[in-house]
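Contents: one structure, followed by commentary.
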Amino acid sequence: LCAEDIYFQKTRRSLLKQKHTAILYILLAALFFSGMTAFVHLSGDLPTGQKALFRNLPALFIAAFTLWRKGISPLGVAPVNRQPMFWRCLFGTAGLLCNFYAIDHLVLSDANMLNKLSPFFAVILSYFILKEKVRPVQAAGLTAAFAGALLIIKPSFHHVDYVPALIGALGGLGAGAAYTFVRKMGLQGEEGARIVFYFSLFSCVVTLPMFLVGGAAMAPWQFFCLLAAGLCGAGGQFSITKAYCYAPAREISVYDYTQVLFAAVWGFVLFGQRPDALSVLGYAVIVGAAVWMYCYNRRRAGGGPDAAAPPAHS
């Protein structure tokens, strides 16, 4: 083999390894975020801002400790990443508040379905912001996974209040936009812990006044639920940040729908909910779409005009 062939083979192997790493991280994020939703639901009737504050406090301290341990200053955001960092914080906080509001004011399955619009928005916005093209196979896989989610969630929307529904959809848009800017900063070499730190800090600054003005007293079990939700949220934040730093949304967003599968496990363990036939079919569709996309990415990494693209993150 000539030197150029060896270089391309090493590049393909590196790209494939990064995709595998990104898939692992987004699966972890789905697990953590499904746990967060379960604990938020278990916490009962508490104000949305209060839930959002406790969801982000653990992530703030964990991110600060991670930066301190690595000897990294939180103030060292590169000039090229300052604007994307602001948009990531703004859209992420708005999406979080909208999602929690929808959980409190809609049927839980409807609220979850609206939140699952985020992978679609992430792929669409990545096309416009990052110029990452979406291939037909990737669009088909994402659509199939969303269809599987609908089979499981079975949103009713009968006599629904459309204001909370619209707010829930905006939550999905906010999350998708936030993930796009995470990807942009990852491509530009931003430290993942710093991204989590600033998002958590921004969210806490926004939600702390809500808690101080309209916070409610908590029973010990409610405090434990919110603390557990916060720890799960921190794990999800670190994992999703890593995932979108390693691979573009078009290649990994489909795996985000495994959150619905994890949520079904939480529902069975904590609430005694048993899946029906349509839910089982939805599980099969989501797993099938994920396997299909995994095989497609492996084949693409092995050859083709785009396979030799340079790694997005090292």
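In the structure tokens, each chain is lettered A, B, ... as it comes, each chain's residues begin at 1, and ligands are numbered from 1 in order of appearance.
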
Can you pull out the residues contacting Cys98 in chain A? Cut-off 12 Å, using only C-alpha atoms, and skip same-chain residues under 5 positions away; I want them as an mmCIF file with N, CA, C and O atoms, in the first residue's frame.
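Dumped to around12.cif:
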```cif
data_model
loop_
_atom_site.group_PDB
_atom_site.id
_atom_site.type_symbol
_atom_site.label_atom_id
_atom_site.label_comp_id
_atom_site.auth_asym_id
_atom_site.auth_seq_id
_atom_site.Cartn_x
_atom_site.Cartn_y
_atom_site.Cartn_z
ATOM 1 N N THR A 48 -42.300 24.470 38.431
ATOM 2 C CA THR A 48 -41.395 24.117 37.337
ATOM 3 C C THR A 48 -39.998 24.684 37.565
ATOM 4 O O THR A 48 -38.990 23.989 37.364
ATOM 5 N N GLY A 49 -39.897 25.953 37.963
ATOM 6 C CA GLY A 49 -38.597 26.563 38.192
ATOM 7 C C GLY A 49 -37.811 25.870 39.282
ATOM 8 O O GLY A 49 -36.584 25.745 39.203
ATOM 9 N N LYS A 51 -38.022 22.641 40.120
ATOM 10 C CA LYS A 51 -37.529 21.389 39.556
ATOM 11 C C LYS A 51 -36.325 21.632 38.645
ATOM 12 O O LYS A 51 -35.341 20.886 38.679
ATOM 13 N N ALA A 52 -36.406 22.682 37.831
ATOM 14 C CA ALA A 52 -35.314 22.980 36.914
ATOM 15 C C ALA A 52 -34.045 23.368 37.661
ATOM 16 O O ALA A 52 -32.936 22.998 37.261
ATOM 17 N N PHE A 91 -30.716 28.496 24.576
ATOM 18 C CA PHE A 91 -31.652 27.523 24.013
ATOM 19 C C PHE A 91 -31.824 26.321 24.945
ATOM 20 O O PHE A 91 -32.927 25.789 25.085
ATOM 21 N N GLY A 92 -30.725 25.896 25.583
ATOM 22 C CA GLY A 92 -30.811 24.757 26.484
ATOM 23 C C GLY A 92 -31.693 25.050 27.691
ATOM 24 O O GLY A 92 -32.518 24.217 28.094
ATOM 25 N N THR A 93 -31.535 26.232 28.276
ATOM 26 C CA THR A 93 -32.345 26.609 29.438
ATOM 27 C C THR A 93 -33.809 26.777 29.050
ATOM 28 O O THR A 93 -34.716 26.309 29.759
ATOM 29 N N ILE A 103 -44.350 18.696 31.072
ATOM 30 C CA ILE A 103 -44.520 17.527 31.950
ATOM 31 C C ILE A 103 -45.558 17.817 33.024
ATOM 32 O O ILE A 103 -46.371 16.962 33.386
ATOM 33 N N ASP A 104 -45.563 19.068 33.527
ATOM 34 C CA ASP A 104 -46.485 19.439 34.605
ATOM 35 C C ASP A 104 -47.909 19.699 34.119
ATOM 36 O O ASP A 104 -48.853 19.623 34.904
ATOM 37 N N HIS A 105 -48.088 20.016 32.823
ATOM 38 C CA HIS A 105 -49.404 20.459 32.358
ATOM 39 C C HIS A 105 -50.015 19.573 31.270
ATOM 40 O O HIS A 105 -51.133 19.850 30.823
ATOM 41 N N LEU A 106 -49.308 18.558 30.829
ATOM 42 C CA LEU A 106 -49.832 17.650 29.820
ATOM 43 C C LEU A 106 -49.776 16.217 30.334
ATOM 44 O O LEU A 106 -49.104 15.923 31.333
ATOM 45 N N ALA A 111 -46.168 14.906 26.630
ATOM 46 C CA ALA A 111 -45.010 15.770 26.889
ATOM 47 C C ALA A 111 -43.726 15.109 26.393
ATOM 48 O O ALA A 111 -42.859 15.766 25.794
ATOM 49 N N ASN A 112 -43.570 13.801 26.625
ATOM 50 C CA ASN A 112 -42.382 13.088 26.165
ATOM 51 C C ASN A 112 -42.302 13.059 24.649
ATOM 52 O O ASN A 112 -41.230 13.176 24.059
ATOM 53 N N LEU A 114 -43.465 15.282 22.540
ATOM 54 C CA LEU A 114 -43.050 16.595 22.062
ATOM 55 C C LEU A 114 -41.550 16.812 22.283
ATOM 56 O O LEU A 114 -40.875 17.415 21.447
ATOM 57 N N ASN A 115 -41.020 16.323 23.388
ATOM 58 C CA ASN A 115 -39.589 16.452 23.647
ATOM 59 C C ASN A 115 -38.764 15.655 22.651
ATOM 60 O O ASN A 115 -37.619 15.995 22.355
ATOM 61 N N VAL A 163 -51.764 25.562 24.407
ATOM 62 C CA VAL A 163 -50.666 26.411 24.873
ATOM 63 C C VAL A 163 -49.556 25.560 25.494
ATOM 64 O O VAL A 163 -48.383 25.684 25.105
ATOM 65 N N PRO A 164 -49.855 24.654 26.459
ATOM 66 C CA PRO A 164 -48.795 23.760 26.956
ATOM 67 C C PRO A 164 -48.207 22.879 25.860
ATOM 68 O O PRO A 164 -47.004 22.589 25.876
ATOM 69 N N ALA A 165 -49.041 22.453 24.897
ATOM 70 C CA ALA A 165 -48.524 21.627 23.804
ATOM 71 C C ALA A 165 -47.532 22.411 22.952
ATOM 72 O O ALA A 165 -46.481 21.883 22.554
ATOM 73 N N LEU A 166 -47.867 23.670 22.665
ATOM 74 C CA LEU A 166 -46.950 24.512 21.896
ATOM 75 C C LEU A 166 -45.662 24.740 22.670
ATOM 76 O O LEU A 166 -44.563 24.697 22.108
ATOM 77 N N ILE A 167 -45.781 24.968 23.981
ATOM 78 C CA ILE A 167 -44.597 25.161 24.817
ATOM 79 C C ILE A 167 -43.734 23.894 24.822
ATOM 80 O O ILE A 167 -42.509 23.957 24.766
ATOM 81 N N GLY A 168 -44.376 22.712 24.868
ATOM 82 C CA GLY A 168 -43.639 21.458 24.805
ATOM 83 C C GLY A 168 -42.884 21.298 23.497
ATOM 84 O O GLY A 168 -41.736 20.833 23.470
ATOM 85 N N ALA A 169 -43.524 21.695 22.374
ATOM 86 C CA ALA A 169 -42.847 21.633 21.071
ATOM 87 C C ALA A 169 -41.671 22.599 21.031
ATOM 88 O O ALA A 169 -40.604 22.283 20.477
ATOM 89 N N LEU A 170 -41.839 23.778 21.628
ATOM 90 C CA LEU A 170 -40.728 24.729 21.697
ATOM 91 C C LEU A 170 -39.586 24.174 22.541
ATOM 92 O O LEU A 170 -38.417 24.482 22.294
ATOM 93 N N GLY A 171 -39.929 23.343 23.546
ATOM 94 C CA GLY A 171 -38.886 22.683 24.330
ATOM 95 C C GLY A 171 -38.041 21.755 23.473
ATOM 96 O O GLY A 171 -36.815 21.706 23.605
ATOM 97 N N GLY A 172 -38.694 21.018 22.581
ATOM 98 C CA GLY A 172 -37.950 20.164 21.654
ATOM 99 C C GLY A 172 -37.069 20.974 20.728
ATOM 100 O O GLY A 172 -35.926 20.587 20.431
ATOM 101 N N LEU A 173 -37.584 22.115 20.263
ATOM 102 C CA LEU A 173 -36.792 22.999 19.409
ATOM 103 C C LEU A 173 -35.583 23.543 20.166
ATOM 104 O O LEU A 173 -34.464 23.569 19.636
ATOM 105 N N GLY A 174 -35.796 23.957 21.415
ATOM 106 C CA GLY A 174 -34.692 24.482 22.211
ATOM 107 C C GLY A 174 -33.607 23.451 22.434
ATOM 108 O O GLY A 174 -32.413 23.756 22.315
ATOM 109 N N ALA A 175 -34.012 22.211 22.750
ATOM 110 C CA ALA A 175 -33.027 21.156 22.969
ATOM 111 C C ALA A 175 -32.256 20.851 21.690
ATOM 112 O O ALA A 175 -31.032 20.685 21.702
#
```

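Non-sequential neighbours of Val205 in chain A (distance at most 12 Å, separation of 6 or more positions within a chain, only C-alpha atoms) are Gly49, Ala52, Leu53, Phe54, Asn56, Leu57, Leu60, Cys89, Leu90, Thr93, Tyr198, Phe199, Phe211 and Leu212 of chain A.
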
Atoms kept (N, CA, C and O atoms) for selection, written as a compact mmCIF listing (two decimals), in the first residue's frame:
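Final file, part_25.txt:
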```
# COMPACT_ATOMS: atom_id res chain seq x y z
N GLY A 49 -39.90 25.95 37.96
CA GLY A 49 -38.60 26.56 38.19
C GLY A 49 -37.81 25.87 39.28
O GLY A 49 -36.58 25.75 39.20
N ALA A 52 -36.41 22.68 37.83
CA ALA A 52 -35.31 22.98 36.91
C ALA A 52 -34.04 23.37 37.66
O ALA A 52 -32.94 23.00 37.26
N LEU A 53 -34.19 24.12 38.76
CA LEU A 53 -33.02 24.52 39.54
C LEU A 53 -32.31 23.31 40.12
O LEU A 53 -31.08 23.17 40.00
N PHE A 54 -33.06 22.41 40.76
CA PHE A 54 -32.44 21.23 41.37
C PHE A 54 -31.92 20.28 40.30
O PHE A 54 -30.99 19.51 40.57
N ASN A 56 -30.27 21.22 37.72
CA ASN A 56 -28.99 21.73 37.21
C ASN A 56 -27.93 21.95 38.27
O ASN A 56 -26.75 22.04 37.94
N LEU A 57 -28.30 22.07 39.53
CA LEU A 57 -27.31 22.32 40.57
C LEU A 57 -26.22 21.24 40.65
O LEU A 57 -25.03 21.57 40.70
N LEU A 60 -23.74 21.63 37.88
CA LEU A 60 -22.86 22.79 38.05
C LEU A 60 -21.66 22.44 38.93
O LEU A 60 -20.51 22.73 38.58
N CYS A 89 -26.43 27.92 25.97
CA CYS A 89 -27.01 28.14 27.30
C CYS A 89 -28.45 28.65 27.20
O CYS A 89 -29.34 28.17 27.93
N LEU A 90 -28.69 29.61 26.31
CA LEU A 90 -30.02 30.20 26.17
C LEU A 90 -31.03 29.17 25.69
O LEU A 90 -32.10 28.99 26.29
N THR A 93 -31.54 26.23 28.28
CA THR A 93 -32.35 26.61 29.44
C THR A 93 -33.81 26.78 29.05
O THR A 93 -34.72 26.31 29.76
N TYR A 198 -21.04 26.12 31.99
CA TYR A 198 -21.71 27.37 31.66
C TYR A 198 -23.21 27.18 31.47
O TYR A 198 -24.01 28.05 31.86
N PHE A 199 -23.62 26.07 30.87
CA PHE A 199 -25.05 25.82 30.74
C PHE A 199 -25.71 25.69 32.11
O PHE A 199 -26.76 26.27 32.37
N PHE A 211 -37.28 30.11 42.13
CA PHE A 211 -37.36 29.33 43.36
C PHE A 211 -37.54 30.23 44.58
O PHE A 211 -38.34 29.95 45.48
N LEU A 212 -36.80 31.35 44.60
CA LEU A 212 -36.87 32.25 45.75
C LEU A 212 -38.24 32.92 45.87
O LEU A 212 -38.73 33.17 46.98
```

A:Thr21, A:Gln222, A:Gln273, A:Asn99 ranked by distance to Tyr246 in chain A, top pick (using only C-alpha atoms):
A:Thr21

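One distance worth recording is that between CA of Met113 in chain A and CA of Leu142 in chain A, which is 14.2 Å.
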
Counting only C-alpha atoms, which residue out of A:Arg55, A:Gln259, A:Trp266, A:Ser200 sits closest to Phe146 in chain A?
A:Gln259

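Each of A:Ser203, A:Leu261, A:Trp68, A:Gly192 was compared to Pro275 in chain A using only C-alpha atoms, and A:Leu261 turns out to be the nearest.
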
All alpha helix (DSSP H) positions in range 168-284 of chain A, as JSON, numbers by chain:
{"A": [168, 169, 170, 171, 172, 173, 174, 175, 176, 177, 178, 179, 180, 181, 182, 183, 184, 185, 186, 187, 192, 193, 194, 195, 196, 197, 198, 199, 200, 201, 202, 203, 204, 205, 206, 207, 208, 209, 210, 211, 212, 213, 214, 220, 221, 222, 223, 224, 225, 226, 227, 228, 229, 230, 231, 232, 233, 234, 235, 236, 237, 238, 239, 240, 241, 242, 243, 244, 245, 246, 249, 250, 251, 252, 258, 259, 260, 261, 262, 263, 264, 265, 266, 267, 268, 269, 270, 271, 277, 278, 279, 280, 281, 282, 283, 284]}

What are the nearest atom pairs, with distances in Å to one decimal, for all residues of range 141-189 of chain A that come at most 8 Å from range 238-244 of chain A, using only C-alpha atoms, set out by chain and rising residue number as a tab-separated table?
```
residue	atom	partner	partner_atom	distance
A:Tyr179	CA	A:Tyr244	CA	6.9
A:Thr180	CA	A:Tyr244	CA	7.9
A:Val182	CA	A:Thr241	CA	6.3
A:Arg183	CA	A:Tyr244	CA	4.9
A:Gly186	CA	A:Tyr244	CA	7.2
```

Deliver the residues from the most recent selection as a file, using N, CA and C atoms, as an mmCIF file, in the first residue's frame.
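What landed in selection_37.cif:
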```cif
data_model
loop_
_atom_site.group_PDB
_atom_site.id
_atom_site.type_symbol
_atom_site.label_atom_id
_atom_site.label_comp_id
_atom_site.auth_asym_id
_atom_site.auth_seq_id
_atom_site.Cartn_x
_atom_site.Cartn_y
_atom_site.Cartn_z
ATOM 1 N N TYR A 179 -28.174 21.277 21.185
ATOM 2 C CA TYR A 179 -27.276 20.206 20.762
ATOM 3 C C TYR A 179 -26.471 20.615 19.533
ATOM 4 N N THR A 180 -27.083 21.413 18.660
ATOM 5 C CA THR A 180 -26.374 21.870 17.459
ATOM 6 C C THR A 180 -25.190 22.760 17.841
ATOM 7 N N VAL A 182 -23.674 22.729 20.745
ATOM 8 C CA VAL A 182 -22.692 21.857 21.407
ATOM 9 C C VAL A 182 -21.784 21.237 20.347
ATOM 10 N N ARG A 183 -22.370 20.753 19.277
ATOM 11 C CA ARG A 183 -21.597 20.164 18.177
ATOM 12 C C ARG A 183 -20.638 21.198 17.578
ATOM 13 N N GLY A 186 -17.778 21.696 19.903
ATOM 14 C CA GLY A 186 -16.929 20.512 19.902
ATOM 15 C C GLY A 186 -16.009 20.473 18.704
#
```

Arg194 in chain A: which residues within 9 Å, counting only C-alpha atoms, same-chain residues fewer than 2 positions away excluded, as a ChimeraX atom specification?
/A:63-64,66-67,72-77,190-192,196-199

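Shortest separation to Ala122 in chain A among A:Ala102, A:Ile252, A:Ala29, A:Leu151 occurs at residue A:Ile252, atoms counted being only C-alpha atoms.
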
Write out as a PDB file with all heavy atoms, in the first residue's frame the residues lying within 8 Å of Ala30 in chain A, counting only C-alpha atoms and excluding same-chain residues fewer than 6 positions away.
```
ATOM      1  N   GLY A 236     -26.549  12.969  32.147  1.00  0.00           N
ATOM      2  CA  GLY A 236     -27.043  13.155  30.783  1.00  0.00           C
ATOM      3  C   GLY A 236     -26.353  14.304  30.085  1.00  0.00           C
ATOM      4  O   GLY A 236     -26.022  14.203  28.896  1.00  0.00           O
ATOM      5  N   ASP A 256     -30.898   8.552  20.151  1.00  0.00           N
ATOM      6  CA  ASP A 256     -31.525   9.290  21.239  1.00  0.00           C
ATOM      7  C   ASP A 256     -32.904   8.728  21.571  1.00  0.00           C
ATOM      8  O   ASP A 256     -33.401   8.884  22.684  1.00  0.00           O
ATOM      9  CB  ASP A 256     -31.627  10.774  20.860  1.00  0.00           C
ATOM     10  CG  ASP A 256     -32.040  11.649  22.021  1.00  0.00           C
ATOM     11  OD1 ASP A 256     -31.642  11.339  23.165  1.00  0.00           O
ATOM     12  OD2 ASP A 256     -32.759  12.641  21.809  1.00  0.00           O
ATOM     13  N   TYR A 257     -33.521   8.057  20.605  1.00  0.00           N
ATOM     14  CA  TYR A 257     -34.854   7.501  20.832  1.00  0.00           C
ATOM     15  C   TYR A 257     -34.827   6.285  21.758  1.00  0.00           C
ATOM     16  O   TYR A 257     -35.879   5.822  22.188  1.00  0.00           O
ATOM     17  CB  TYR A 257     -35.523   7.144  19.500  1.00  0.00           C
ATOM     18  CG  TYR A 257     -36.005   8.368  18.769  1.00  0.00           C
ATOM     19  CD1 TYR A 257     -35.251   8.941  17.754  1.00  0.00           C
ATOM     20  CD2 TYR A 257     -37.197   8.981  19.124  1.00  0.00           C
ATOM     21  CE1 TYR A 257     -35.683  10.080  17.100  1.00  0.00           C
ATOM     22  CE2 TYR A 257     -37.639  10.123  18.478  1.00  0.00           C
ATOM     23  CZ  TYR A 257     -36.878  10.660  17.466  1.00  0.00           C
ATOM     24  OH  TYR A 257     -37.306  11.796  16.829  1.00  0.00           O
ATOM     25  N   THR A 258     -33.650   5.775  22.067  1.00  0.00           N
ATOM     26  CA  THR A 258     -33.597   4.693  23.063  1.00  0.00           C
ATOM     27  C   THR A 258     -34.029   5.192  24.434  1.00  0.00           C
ATOM     28  O   THR A 258     -34.331   4.388  25.310  1.00  0.00           O
ATOM     29  CB  THR A 258     -32.175   4.112  23.161  1.00  0.00           C
ATOM     30  OG1 THR A 258     -31.252   5.160  23.459  1.00  0.00           O
ATOM     31  CG2 THR A 258     -31.775   3.425  21.864  1.00  0.00           C
ATOM     32  N   GLN A 259     -34.087   6.525  24.601  1.00  0.00           N
ATOM     33  CA  GLN A 259     -34.608   7.071  25.857  1.00  0.00           C
ATOM     34  C   GLN A 259     -36.026   6.568  26.108  1.00  0.00           C
ATOM     35  O   GLN A 259     -36.420   6.347  27.256  1.00  0.00           O
ATOM     36  CB  GLN A 259     -34.589   8.600  25.814  1.00  0.00           C
ATOM     37  CG  GLN A 259     -35.080   9.248  27.104  1.00  0.00           C
ATOM     38  CD  GLN A 259     -34.983  10.756  27.061  1.00  0.00           C
ATOM     39  OE1 GLN A 259     -34.192  11.324  26.313  1.00  0.00           O
ATOM     40  NE2 GLN A 259     -35.785  11.430  27.873  1.00  0.00           N
ATOM     41  N   PHE A 262     -35.701   3.107  27.600  1.00  0.00           N
ATOM     42  CA  PHE A 262     -35.307   3.183  29.007  1.00  0.00           C
ATOM     43  C   PHE A 262     -36.464   3.685  29.875  1.00  0.00           C
ATOM     44  O   PHE A 262     -36.655   3.229  31.007  1.00  0.00           O
ATOM     45  CB  PHE A 262     -34.092   4.104  29.172  1.00  0.00           C
ATOM     46  CG  PHE A 262     -32.839   3.574  28.527  1.00  0.00           C
ATOM     47  CD1 PHE A 262     -32.087   4.362  27.679  1.00  0.00           C
ATOM     48  CD2 PHE A 262     -32.405   2.280  28.780  1.00  0.00           C
ATOM     49  CE1 PHE A 262     -30.917   3.876  27.094  1.00  0.00           C
ATOM     50  CE2 PHE A 262     -31.241   1.787  28.204  1.00  0.00           C
ATOM     51  CZ  PHE A 262     -30.506   2.588  27.357  1.00  0.00           C
TER      52      PHE A 262
END
```

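In this model, the gap between CA of Phe120 in chain A and CA of Phe202 in chain A comes to 25.0 Å.
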
Determine, counting only C-alpha atoms, which protein, DNA and RNA residues have an atom within 8 Å of an atom of Met210 in chain A; residues of the same chain fewer than 4 positions away are not included. Present the result as JSON, numbers by chain.
{"A": [49, 50, 206, 214, 215]}

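Straight-line separation from CA of Arg88 in chain A to CA of Cys204 in chain A: 14.4 Å.
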
Considering only C-alpha atoms, can you say which of A:Ala229, A:Val280, A:Ala290, A:Leu150 comes closest to Ser34 in chain A?
A:Ala229

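Taking only C-alpha atoms into account, Leu278 in chain A lies nearest to A:Ile152 out of the set A:Ala94, A:Ala78, A:Val291, A:Ile152.
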